[in-house]
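One structure is given below, encoded as structure tokens.
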Amino acid sequence: MTDAATPSQTQTDERPGYLTGYGTPQYRAYVLSSLLIVYIFNFIDRSIFNILVEPMKISLQLEDWHMGVLGGLAFAIFYTTLGIPIARIAERRSRMLIIVISLALWSLMTVLCGFAVSFLTLFIFRMLVGVGEAGCTPPAQSVIADYFKPTSRATAASIYALGVPLGGMFAGLAAGPINDYVTGENVHHLLESWGWTWVLGLFDWKSLEGWRIAFIAVGLPGVAFAVILHLTVKEPPRGYSDPPGAPKKAVPDGFGTVLKELLNKPTYVHVVAGAAIASFAGYAVGAFSTSFLLRTHGLTLTQAALIFSLVLGLMAALGVFLSGYLSDKLAVRVPKSLSWLPAIGMGLSVPLYWIGYLAPTVPLMIPPLMLAATLHYFYLGPMYAVSAGVVDSRTRATAVAITLFAVNLIGIGLGPTAIGFLSTFLKTTFLSGNDLGLTLQICRDLSVLSPEQVTACRSADSRGLQWSIIVFASLYGWAAIHYLIAGKTLQRDMLSKTA
């Protein structure tokens, strides 16, 4: 793959790039679809862990705080810290090649998660998944900005951001049923029918648990798609679709210069602050959503995964798309739509989440959570549009990487870990409030307890998680305030105006 495709290969319209975008409409659609698939794989491999929390916890004999660390801190250590250095490389080298290598790496590490035997080995593999995923979004957003004209970028960014809810949805569709219905015996017979005797000798496939098979099954396709992406998607010329007045630098600014420029733009600061808080709440709640349904409503993993991944995932996808689409459509009449749409959406989601998570039955729970999921994801498309719109074409990848550093350090790094500790703390508090002398250690082995003790342990487990989720969902109101404040300077700070 060359560093930049020749315009004649893809560009047939003689009008300037800021009016048309780079390449033909059909090829732009293919590129955006390909990057969306990459982002879907990104979130499948990230989200599958959350779906499989309960079977992993039981298999490896861990507590909620262990799962919170594995789902958050282990992944975030390198995911957040490597994003900026990789983005700096992307300002000078082929962005598409970086995406291809990253996709192959995180997909392979996801496969290896299926072979983890302890907290430590799973921690290492999750950490390496984060290393790979760090090279995805910053270069991808930079590529999208060069393929699409300014008046279409918010929509394009929102379509790309559909990878978040769709990846979570597909993770649930795959992980739940695979865990519940696919066994090691099935895998052994499949490999045997293919004649892969050399693979059969590498591992005792018959002993594989369902959650391990799920990791392997979702990781392998990503490796294959990395090859397809490398062969079919071209590197666009930098700044091709920028308007004539937009700054175009031959050499990207130093990191310190870019950071100073961003910190001097209140719009960017408040959008990142709001997105970080929303991410903190979202990753925390998402890490234990299926566990909530298992503990509070007694569903199977497949049922829980289908509800949160299919029903709520589709509504979240609708919210992500609508945020960018409506922002682009309303930009002429309402220039601050990138600000107030997310603010309204997240603000309204808070009471809906309270109603849903406190509902006594699943049928009463689903409608308010569906609407809440649609509304709270209004922040995601505008986050990317603002991050790429306040800087020039040579520093977009870095700007997006700085955004993701802040958002993911707080969101992925702290969200699941914090809610895991809060859930464990509340569980301990509820256990100490009864006269049965129960502790976390005693509740680990329910088989030796009386029916009354088992009920008390399960009640404390479910109530601790339920109230933790309610606390974290309330934070969307705080995030909404930051997006509202960002609207005051939105038009002044954006270099590539949407209006």
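Going by the structure tokens order, chains are called A, B, ..., each with residues numbered from 1, while ligands are numbered from 1 in the order shown.
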
Long-range neighbours of stretch 123-127 of chain A as JSON, numbers by chain, 10 Å cut-off, only C-alpha atoms, 6 positions minimum in chain: {"A": [45, 46, 49, 66, 67, 69, 70, 71, 72, 73, 74, 75, 76, 77, 78, 79, 106, 108, 109, 110, 111, 112, 113, 114, 115, 116]}

Interatomic distance, atom CA of A:Gly168 to atom CA of A:Gly286 (Å, one decimal):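 Straight-line distance from atom CA of A:Gly168 to atom CA of A:Gly286 works out to 9.2 Å.
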
Picked from stretch 11-260 of chain A by DSSP as alpha helix (DSSP H), as number ranges by chain: A: 17-20, 25-51, 53-59, 64-71, 73-90, 95-113, 119-133, 137-147, 153-161, 163-181, 184-193, 197-200, 210-232, 255-260

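With only C-alpha atoms as the atoms that count, the residue of A:Ala359, A:Gly345, A:Thr424, A:Ile419 with the shortest distance to A:Ala480 is A:Gly345.
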
Atom-to-atom span, atom CA of A:Ile86 and atom CA of A:Pro237, Å: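 Between atom CA of A:Ile86 and atom CA of A:Pro237 the gap is 18.9 Å.
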
For atom CA of A:Ala372 and atom CA of A:Ile344, the interatomic separation in Å (one decimal):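 Interatomic distance here is 11.4 Å.
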
Any idea what's packed within 9 Å of A:Lys427, counting only C-alpha atoms, ignoring anything in its chain fewer than 3 positions away? Could you give it as an mmCIF file with N, CA and C atoms, in the first residue's frame?
data_model
loop_
_atom_site.group_PDB
_atom_site.id
_atom_site.type_symbol
_atom_site.label_atom_id
_atom_site.label_comp_id
_atom_site.auth_asym_id
_atom_site.auth_seq_id
_atom_site.Cartn_x
_atom_site.Cartn_y
_atom_site.Cartn_z
ATOM 1 N N LEU A 422 -16.853 -0.325 43.911
ATOM 2 C CA LEU A 422 -18.070 0.147 44.573
ATOM 3 C C LEU A 422 -19.049 -1.011 44.782
ATOM 4 N N SER A 423 -19.194 -1.863 43.771
ATOM 5 C CA SER A 423 -20.091 -3.005 43.888
ATOM 6 C C SER A 423 -19.644 -3.947 45.002
ATOM 7 N N THR A 424 -18.348 -4.213 45.064
ATOM 8 C CA THR A 424 -17.821 -5.094 46.122
ATOM 9 C C THR A 424 -18.015 -4.453 47.491
ATOM 10 N N PHE A 430 -23.967 -4.662 52.587
ATOM 11 C CA PHE A 430 -25.255 -5.364 52.700
ATOM 12 C C PHE A 430 -25.104 -6.673 53.480
ATOM 13 N N LEU A 431 -23.981 -7.359 53.290
ATOM 14 C CA LEU A 431 -23.751 -8.608 54.028
ATOM 15 C C LEU A 431 -23.598 -8.354 55.527
ATOM 16 N N SER A 432 -22.923 -7.244 55.840
ATOM 17 C CA SER A 432 -22.709 -6.939 57.262
ATOM 18 C C SER A 432 -23.987 -6.486 57.953
ATOM 19 N N LEU A 440 -17.553 -11.859 52.207
ATOM 20 C CA LEU A 440 -17.273 -12.144 50.804
ATOM 21 C C LEU A 440 -16.687 -13.536 50.633
ATOM 22 N N CYS A 457 -26.627 -13.995 50.365
ATOM 23 C CA CYS A 457 -25.438 -13.738 49.540
ATOM 24 C C CYS A 457 -25.836 -13.224 48.155
ATOM 25 N N SER A 459 -28.664 -11.810 47.270
ATOM 26 C CA SER A 459 -29.328 -10.515 47.379
ATOM 27 C C SER A 459 -28.296 -9.394 47.507
ATOM 28 N N ALA A 460 -27.294 -9.598 48.337
ATOM 29 C CA ALA A 460 -26.246 -8.584 48.514
ATOM 30 C C ALA A 460 -25.470 -8.385 47.217
ATOM 31 N N ASP A 461 -25.233 -9.467 46.504
ATOM 32 C CA ASP A 461 -24.508 -9.407 45.236
ATOM 33 C C ASP A 461 -25.277 -8.586 44.202
ATOM 34 N N SER A 462 -26.576 -8.853 44.096
ATOM 35 C CA SER A 462 -27.389 -8.160 43.084
ATOM 36 C C SER A 462 -27.662 -6.715 43.471
ATOM 37 N N ARG A 463 -27.966 -6.466 44.736
ATOM 38 C CA ARG A 463 -28.263 -5.098 45.175
ATOM 39 C C ARG A 463 -27.030 -4.208 45.112
ATOM 40 N N GLY A 464 -25.883 -4.748 45.464
ATOM 41 C CA GLY A 464 -24.653 -3.966 45.406
ATOM 42 C C GLY A 464 -24.365 -3.489 43.992
ATOM 43 N N LEU A 465 -24.560 -4.379 43.011
ATOM 44 C CA LEU A 465 -24.321 -4.024 41.616
ATOM 45 C C LEU A 465 -25.404 -3.078 41.100
#

How close does each residue of stretch 21-79 of chain A get to stretch 206-215 of chain A, giving the shortest atom pair and distance in Å to one decimal for every residue with an atom at most 8 Å away, counting only C-alpha atoms, sorted by chain and residue number, as CSV?
residue,atom,partner,partner_atom,distance
A:Asp45,CA,A:Phe215,CA,7.9
A:Ile48,CA,A:Phe215,CA,7.4
A:Leu52,CA,A:Trp211,CA,6.3
A:Pro55,CA,A:Trp211,CA,6.7
A:Met56,CA,A:Trp211,CA,7.0

Could you please take those selected residues and save N, CA and C atoms as a PDB file, in the first residue's frame?
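selection_20.pdb, freshly written:
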ATOM      1  N   ASP A  45     -13.938  -7.100  20.242  1.00  0.00           N
ATOM      2  CA  ASP A  45     -12.849  -7.658  21.027  1.00  0.00           C
ATOM      3  C   ASP A  45     -12.691  -6.961  22.369  1.00  0.00           C
ATOM      4  N   ILE A  48     -16.463  -8.065  24.434  1.00  0.00           N
ATOM      5  CA  ILE A  48     -16.761  -9.459  24.732  1.00  0.00           C
ATOM      6  C   ILE A  48     -16.391  -9.807  26.162  1.00  0.00           C
ATOM      7  N   LEU A  52     -18.752 -11.765  29.128  1.00  0.00           N
ATOM      8  CA  LEU A  52     -18.322 -13.033  29.720  1.00  0.00           C
ATOM      9  C   LEU A  52     -17.839 -12.907  31.160  1.00  0.00           C
ATOM     10  N   PRO A  55     -19.104 -16.051  33.691  1.00  0.00           N
ATOM     11  CA  PRO A  55     -18.431 -17.350  33.564  1.00  0.00           C
ATOM     12  C   PRO A  55     -16.933 -17.286  33.829  1.00  0.00           C
ATOM     13  N   MET A  56     -16.271 -16.197  33.463  1.00  0.00           N
ATOM     14  CA  MET A  56     -14.842 -16.060  33.775  1.00  0.00           C
ATOM     15  C   MET A  56     -14.625 -15.937  35.281  1.00  0.00           C
TER      16      MET A  56
END

Residue nearest A:Leu375 - candidates A:Gly477, A:Gly184, A:Gly254, A:Gly68, atoms counted: only C-alpha atoms: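 Closest residue, counting only C-alpha atoms: A:Gly477.
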
Where does stretch 356-471 of chain A meet stretch 276-282 of chain A within 12 Å, residue by residue, with the nearest atom pair and distance in Å to one decimal for each, counting only C-alpha atoms, listed by chain and rising number, as CSV?
residue,atom,partner,partner_atom,distance
A:Ala372,CA,A:Gly282,CA,11.7
A:Ala373,CA,A:Gly282,CA,9.9
A:Leu375,CA,A:Ala278,CA,11.9
A:His376,CA,A:Ala278,CA,8.2
A:Tyr377,CA,A:Ala278,CA,8.9
A:Phe378,CA,A:Ala278,CA,10.5
A:Tyr379,CA,A:Ala278,CA,8.1
A:Leu380,CA,A:Ala278,CA,9.3
A:Met383,CA,A:Ala276,CA,10.1
A:Ile402,CA,A:Ala276,CA,11.5
A:Thr403,CA,A:Ala276,CA,8.6
A:Leu404,CA,A:Ala276,CA,8.6
A:Phe405,CA,A:Ala276,CA,9.4
A:Ala406,CA,A:Ala276,CA,6.4
A:Val407,CA,A:Ala276,CA,4.0
A:Asn408,CA,A:Ala276,CA,7.1
A:Leu409,CA,A:Ala276,CA,8.3
A:Ile410,CA,A:Phe280,CA,5.7
A:Gly411,CA,A:Phe280,CA,3.6
A:Ile412,CA,A:Phe280,CA,6.7
A:Gly413,CA,A:Phe280,CA,8.4
A:Leu414,CA,A:Phe280,CA,6.8
A:Gly415,CA,A:Phe280,CA,4.6
A:Pro416,CA,A:Phe280,CA,8.0
A:Thr417,CA,A:Phe280,CA,10.1
A:Ala418,CA,A:Phe280,CA,9.1
A:Ile419,CA,A:Ala281,CA,9.0
A:Ser468,CA,A:Ala281,CA,10.5
A:Ile469,CA,A:Ala281,CA,8.6
A:Ile470,CA,A:Ala281,CA,9.8
A:Val471,CA,A:Ala281,CA,8.9

Counting only C-alpha atoms, the residue of A:Trp478, A:Phe308, A:Trp194, A:Tyr39 that sits nearest A:Ala343: A:Trp478
